Amino acid sequence: MADHSIPELNGMTPLEYANTPKMDELAAKGTIGMVHTIPDGMKPGSDTANLSVLGYDPRKYYSGRSPLEALSIGVPMKDTDVALRCNFVSLSEEEAAYEERHIIDHSSSEISTEDCAVLLDAVKKELETDRFKFYLGTSYRHCLIWDKGEVVDLVQPHDVLGQVIGDKLPENEMLREMMKKSYDILVNHPINVERKKKGLNPANSCWFWGAGTKPALFPFRDKFGKTGAMISAVDLLKGIAVGTSMKVITVEGATGGLETNYEGKTKAALDVLTKDGYDFVYVHLEGPDEMGHQGSTEKKIAAIQNLDQKVIAPLVKGLEAAGEDFRMLILPDHPTPIELRTHTAENVPYILYDSTNIQNHTWHYNEKEAMATGTLVSEGHKLIEQLLQLA
């Protein structure tokens, strides 16, 4: 949810502009500052950033994005396998050649998993071989396993929205040809014909990226001496949880978009802490990031306000009602500025609140005021040690 100042918001960021009374209250009663979640020289992906927030130094533990998602959906990876993210993207259709098309939408109007299951079956029938296997994920996010593959450098689709794809395609000929053939399979598929009639973006091409090898993560409990659980609609986060032996909690109706089951996520978090006796829960909301990719200021503000009012406020209320002492860390994993529609590696603001150590400040939670404190955690993977009182 971190961003840059926006002229239409009188020079404020979406976080600064949004009505966030609960986060502002926790900021005033706790501590705020900035944290550097992306190690210098690494790409600002949700993979590296969330590993960092969870306390795993990406320089040590990162082996690629897609392998983490493969863990989440139960893909059996061999040590010689390479996993790739397989997005269903929306390409323009008026050009004659595939290479001349441009990316309209990296998420195909946040297409449903149900529609994607049908589309992926069509792709598998034509393209799957002993060497390349496709696996269904969530919404537009799926997985391709390449037997004895190569970790090739591939372009993230959300980094090139609106751009012609010719020089963004894989250098590897097999991958490039599969992407081109996927367009021919999908462009006139009945699901896409119906989507266009409804004014939705068609999922008319596969896009491969995020290649990596089988990850080797250390169990969260062994690392920190705490039991942990993960609540997210996103396979990447679930995969990190599987790799770190955290409990994965699936919430019905959680989508990873603006319209998600906020109440269900909040209840699941309260239950795992107050009823199941877990020490730590990671509640992940993808909405602010997705709205940043869409370039929608209005929807990003709505996503931030939903986080404040539908997740953080009832979580605090529920923990207080249960008579629990607790600490809460609130932060974005990385910025997704509206003007850029992709991730950056800039520092992000955080709140650290301790119900047993109430402070008395006047600050609010936003980038400007967090920066003004002068507090900077330069190694993002160490911030969680403050939450868990290990530092």
# chains A, B, ... in the order shown; residues from 1 in each chain; ligands from 1
call {"tool": "residues_around", "arguments": {"residues": "Gly243 (chain A)", "least_positions_apart": "6", "cutoff": "9 Å", "atoms": "only C-alpha atoms", "output": "PyMOL selection string"}}
result
chain A and resi 68+71-72+215-219
call {"tool": "closest_atom_pairs", "arguments": {"of": "region 210-305 of chain A", "to": "region 49-63 of chain A", "cutoff": "10 Å", "atoms": "only C-alpha atoms", "output": "tab-separated table"}}
result
residue	atom	partner	partner_atom	distance
A:Gly210	CA	A:Ser63	CA	9.8
A:Ala211	CA	A:Ser63	CA	8.7
A:Gly212	CA	A:Ser63	CA	5.5
A:Thr213	CA	A:Ser63	CA	5.8
A:Lys214	CA	A:Ser63	CA	7.0
A:Pro215	CA	A:Ser63	CA	5.6
A:Ala216	CA	A:Tyr61	CA	6.9
A:Leu217	CA	A:Tyr61	CA	6.2
A:Phe218	CA	A:Tyr56	CA	8.5
A:Phe220	CA	A:Leu54	CA	8.8
A:Lys223	CA	A:Gly55	CA	9.0
A:Phe224	CA	A:Gly55	CA	8.9
A:Leu236	CA	A:Asn50	CA	9.2
A:Leu237	CA	A:Asn50	CA	7.6
A:Ile240	CA	A:Leu51	CA	7.4
A:Ala241	CA	A:Leu54	CA	9.7
A:Thr244	CA	A:Tyr56	CA	9.6
A:Tyr282	CA	A:Leu54	CA	8.3
A:His284	CA	A:Asn50	CA	9.5
call {"tool": "write_last_selection", "arguments": {"atoms": "N, CA and C atoms", "output": "compact mmCIF listing (two decimals), in the first residue's frame"}}
result
# COMPACT_ATOMS: atom_id res chain seq x y z
N GLY A 210 9.25 -15.74 -13.43
CA GLY A 210 9.52 -16.16 -12.06
C GLY A 210 10.17 -17.51 -11.93
N ALA A 211 11.06 -17.89 -12.86
CA ALA A 211 11.67 -19.22 -12.84
C ALA A 211 12.56 -19.41 -11.62
N GLY A 212 12.54 -20.65 -11.10
CA GLY A 212 13.40 -20.95 -9.96
C GLY A 212 13.42 -22.44 -9.65
N THR A 213 14.32 -22.80 -8.75
CA THR A 213 14.50 -24.20 -8.37
C THR A 213 13.84 -24.48 -7.02
N LYS A 214 13.79 -25.74 -6.66
CA LYS A 214 13.13 -26.18 -5.43
C LYS A 214 13.71 -25.44 -4.22
N PRO A 215 12.85 -24.79 -3.43
CA PRO A 215 13.36 -23.99 -2.30
C PRO A 215 13.73 -24.86 -1.10
N ALA A 216 14.60 -24.32 -0.26
CA ALA A 216 15.00 -25.00 0.98
C ALA A 216 14.90 -23.98 2.11
N LEU A 217 13.71 -23.90 2.70
CA LEU A 217 13.47 -22.95 3.78
C LEU A 217 13.56 -23.64 5.14
N PHE A 218 13.78 -22.86 6.17
CA PHE A 218 13.95 -23.35 7.53
C PHE A 218 12.62 -23.21 8.25
N PHE A 220 9.67 -22.18 10.57
CA PHE A 220 9.47 -20.96 11.36
C PHE A 220 9.65 -21.23 12.84
N LYS A 223 13.25 -21.63 13.77
CA LYS A 223 14.00 -20.39 13.60
C LYS A 223 13.71 -19.38 14.72
N PHE A 224 12.42 -19.29 15.10
CA PHE A 224 12.02 -18.24 16.04
C PHE A 224 11.48 -18.75 17.37
N LEU A 236 1.68 -17.70 -3.61
CA LEU A 236 3.04 -17.39 -3.20
C LEU A 236 3.17 -17.41 -1.68
N LEU A 237 2.25 -16.74 -1.00
CA LEU A 237 2.31 -16.66 0.46
C LEU A 237 2.05 -18.02 1.10
N ILE A 240 5.24 -20.01 0.79
CA ILE A 240 6.23 -19.66 1.81
C ILE A 240 5.86 -20.34 3.12
N ALA A 241 4.57 -20.35 3.44
CA ALA A 241 4.11 -20.99 4.68
C ALA A 241 4.39 -22.49 4.66
N THR A 244 8.03 -23.14 5.19
CA THR A 244 8.51 -22.83 6.55
C THR A 244 7.72 -23.59 7.61
N TYR A 282 0.18 -14.44 10.29
CA TYR A 282 0.53 -13.51 9.22
C TYR A 282 -0.72 -13.34 8.37
N HIS A 284 -2.34 -11.64 5.29
CA HIS A 284 -1.88 -11.00 4.05
C HIS A 284 -3.07 -10.51 3.24
call {"tool": "closest_atom_pairs", "arguments": {"of": "region 104-124 of chain A", "to": "region 249-270 of chain A", "cutoff": "10 Å", "atoms": "only C-alpha atoms", "output": "CSV"}}
result
residue,atom,partner,partner_atom,distance
A:Glu110,CA,A:Gly257,CA,7.4
A:Ser112,CA,A:Thr255,CA,8.7
A:Thr113,CA,A:Thr255,CA,9.4
call {"tool": "write_last_selection", "arguments": {"atoms": "C-alpha atoms", "output": "PDB file, in the first residue's frame"}}
result
ATOM      1  CA  GLU A 110      -8.968 -10.808 -11.964  1.00  0.00           C
ATOM      2  CA  SER A 112     -11.897 -16.593 -11.530  1.00  0.00           C
ATOM      3  CA  THR A 113     -10.116 -19.852 -10.767  1.00  0.00           C
TER       4      THR A 113
END
call {"tool": "atom_distance", "arguments": {"atom1": "CA of Ile358 (chain A)", "atom2": "CA of Pro335 (chain A)"}}
result
28.4 Å
call {"tool": "closest_residue", "arguments": {"among": "A:Pro157, A:Pro349, A:Met42, A:Lys197", "to": "Ala370 (chain A)", "atoms": "only C-alpha atoms"}}
result
A:Pro349
call {"tool": "closest_residue", "arguments": {"among": "A:Val118, A:Asp147, A:Met12, A:Pro7", "to": "Pro76 (chain A)", "atoms": "only C-alpha atoms"}}
result
A:Asp147
call {"tool": "closest_residue", "arguments": {"among": "A:Met291, A:Leu273, A:Ala372, A:Ile191", "to": "His106 (chain A)", "atoms": "only C-alpha atoms"}}
result
A:Met291
call {"tool": "closest_residue", "arguments": {"among": "A:Lys124, A:His36, A:Lys226, A:His343", "to": "Tyr278 (chain A)", "atoms": "only C-alpha atoms"}}
result
A:Lys226
call {"tool": "closest_residue", "arguments": {"among": "A:Ile330, A:Ile103, A:Ala122, A:Leu9", "to": "Lys168 (chain A)", "atoms": "only C-alpha atoms"}}
result
A:Ile103
call {"tool": "closest_residue", "arguments": {"among": "A:Ser296, A:Ser109, A:Gln309, A:Asn19", "to": "Lys198 (chain A)", "atoms": "only C-alpha atoms"}}
result
A:Ser109
call {"tool": "select_by_dssp", "arguments": {"residues": "region 254-355 of chain A", "states": "strand (DSSP E)", "output": "PyMOL selection string"}}
result
chain A and resi 280-283+327-330+348-354
call {"tool": "select_by_dssp", "arguments": {"residues": "region 27-161 of chain A", "states": "helix (DSSP H, G or I)", "output": "PyMOL selection string"}}
result
chain A and resi 27-29+46-53+58-61+65-72+98-100+113-127+157-159
call {"tool": "residues_around", "arguments": {"residues": "Glu367 (chain A)", "least_positions_apart": "4", "cutoff": "10 Å", "atoms": "only C-alpha atoms", "output": "list of chain:residue names"}}
result
A:Ala2, A:Asp3, A:His4, A:Ser5, A:Met12, A:Thr13, A:Pro14, A:Leu15, A:Glu16, A:Ile32, A:Gly33, A:Met34, A:Asn347, A:Val348, A:Pro349, A:Tyr350, A:Met371, A:Ala372
call {"tool": "atom_distance", "arguments": {"atom1": "CA of Leu307 (chain A)", "atom2": "CA of Asp24 (chain A)"}}
result
12.6 Å
call {"tool": "residues_around", "arguments": {"residues": "Ser182 (chain A)", "least_positions_apart": "6", "cutoff": "12 Å", "atoms": "only C-alpha atoms", "output": "MDAnalysis selection string"}}
result
chainID A and resid 86:91 98 119:128 175:176 188:189 203:208
call {"tool": "residues_around", "arguments": {"residues": "Ala117 (chain A)", "least_positions_apart": "5", "cutoff": "10 Å", "atoms": "only C-alpha atoms", "output": "PDB file with N, CA, C and O atoms, in the first residue's frame"}}
result
ATOM      1  N   SER A 112     -11.650 -15.603 -12.578  1.00  0.00           N
ATOM      2  CA  SER A 112     -11.897 -16.593 -11.530  1.00  0.00           C
ATOM      3  C   SER A 112     -11.071 -17.856 -11.763  1.00  0.00           C
ATOM      4  O   SER A 112     -10.695 -18.188 -12.898  1.00  0.00           O
ATOM      5  N   ALA A 122      -7.586 -26.532 -21.763  1.00  0.00           N
ATOM      6  CA  ALA A 122      -7.424 -26.368 -23.215  1.00  0.00           C
ATOM      7  C   ALA A 122      -5.946 -26.226 -23.582  1.00  0.00           C
ATOM      8  O   ALA A 122      -5.490 -26.792 -24.583  1.00  0.00           O
ATOM      9  N   VAL A 123      -5.202 -25.477 -22.767  1.00  0.00           N
ATOM     10  CA  VAL A 123      -3.770 -25.299 -23.005  1.00  0.00           C
ATOM     11  C   VAL A 123      -3.030 -26.625 -22.818  1.00  0.00           C
ATOM     12  O   VAL A 123      -2.160 -26.996 -23.625  1.00  0.00           O
ATOM     13  N   TYR A 135       0.036 -26.761 -13.933  1.00  0.00           N
ATOM     14  CA  TYR A 135      -0.722 -26.991 -12.702  1.00  0.00           C
ATOM     15  C   TYR A 135      -1.577 -25.765 -12.393  1.00  0.00           C
ATOM     16  O   TYR A 135      -1.107 -24.625 -12.466  1.00  0.00           O
ATOM     17  N   LEU A 136      -2.831 -26.022 -12.034  1.00  0.00           N
ATOM     18  CA  LEU A 136      -3.773 -24.950 -11.717  1.00  0.00           C
ATOM     19  C   LEU A 136      -3.452 -24.319 -10.369  1.00  0.00           C
ATOM     20  O   LEU A 136      -3.217 -25.022  -9.390  1.00  0.00           O
ATOM     21  N   GLY A 137      -3.464 -22.978 -10.347  1.00  0.00           N
ATOM     22  CA  GLY A 137      -3.271 -22.244  -9.106  1.00  0.00           C
ATOM     23  C   GLY A 137      -4.545 -21.534  -8.714  1.00  0.00           C
ATOM     24  O   GLY A 137      -5.619 -22.138  -8.672  1.00  0.00           O
ATOM     25  N   THR A 138      -4.444 -20.229  -8.446  1.00  0.00           N
ATOM     26  CA  THR A 138      -5.580 -19.417  -8.028  1.00  0.00           C
ATOM     27  C   THR A 138      -5.740 -18.228  -8.960  1.00  0.00           C
ATOM     28  O   THR A 138      -4.748 -17.590  -9.310  1.00  0.00           O
ATOM     29  N   SER A 139      -6.987 -17.954  -9.372  1.00  0.00           N
ATOM     30  CA  SER A 139      -7.287 -16.836 -10.256  1.00  0.00           C
ATOM     31  C   SER A 139      -6.398 -16.931 -11.503  1.00  0.00           C
ATOM     32  O   SER A 139      -6.359 -17.982 -12.147  1.00  0.00           O
ATOM     33  N   TYR A 140      -5.650 -15.873 -11.817  1.00  0.00           N
ATOM     34  CA  TYR A 140      -4.845 -15.860 -13.045  1.00  0.00           C
ATOM     35  C   TYR A 140      -3.461 -16.469 -12.848  1.00  0.00           C
ATOM     36  O   TYR A 140      -2.680 -16.568 -13.781  1.00  0.00           O
ATOM     37  N   HIS A 142      -0.836 -19.387 -12.236  1.00  0.00           N
ATOM     38  CA  HIS A 142      -0.698 -20.834 -12.358  1.00  0.00           C
ATOM     39  C   HIS A 142       0.783 -21.218 -12.473  1.00  0.00           C
ATOM     40  O   HIS A 142       1.658 -20.357 -12.369  1.00  0.00           O
TER      41      HIS A 142
END
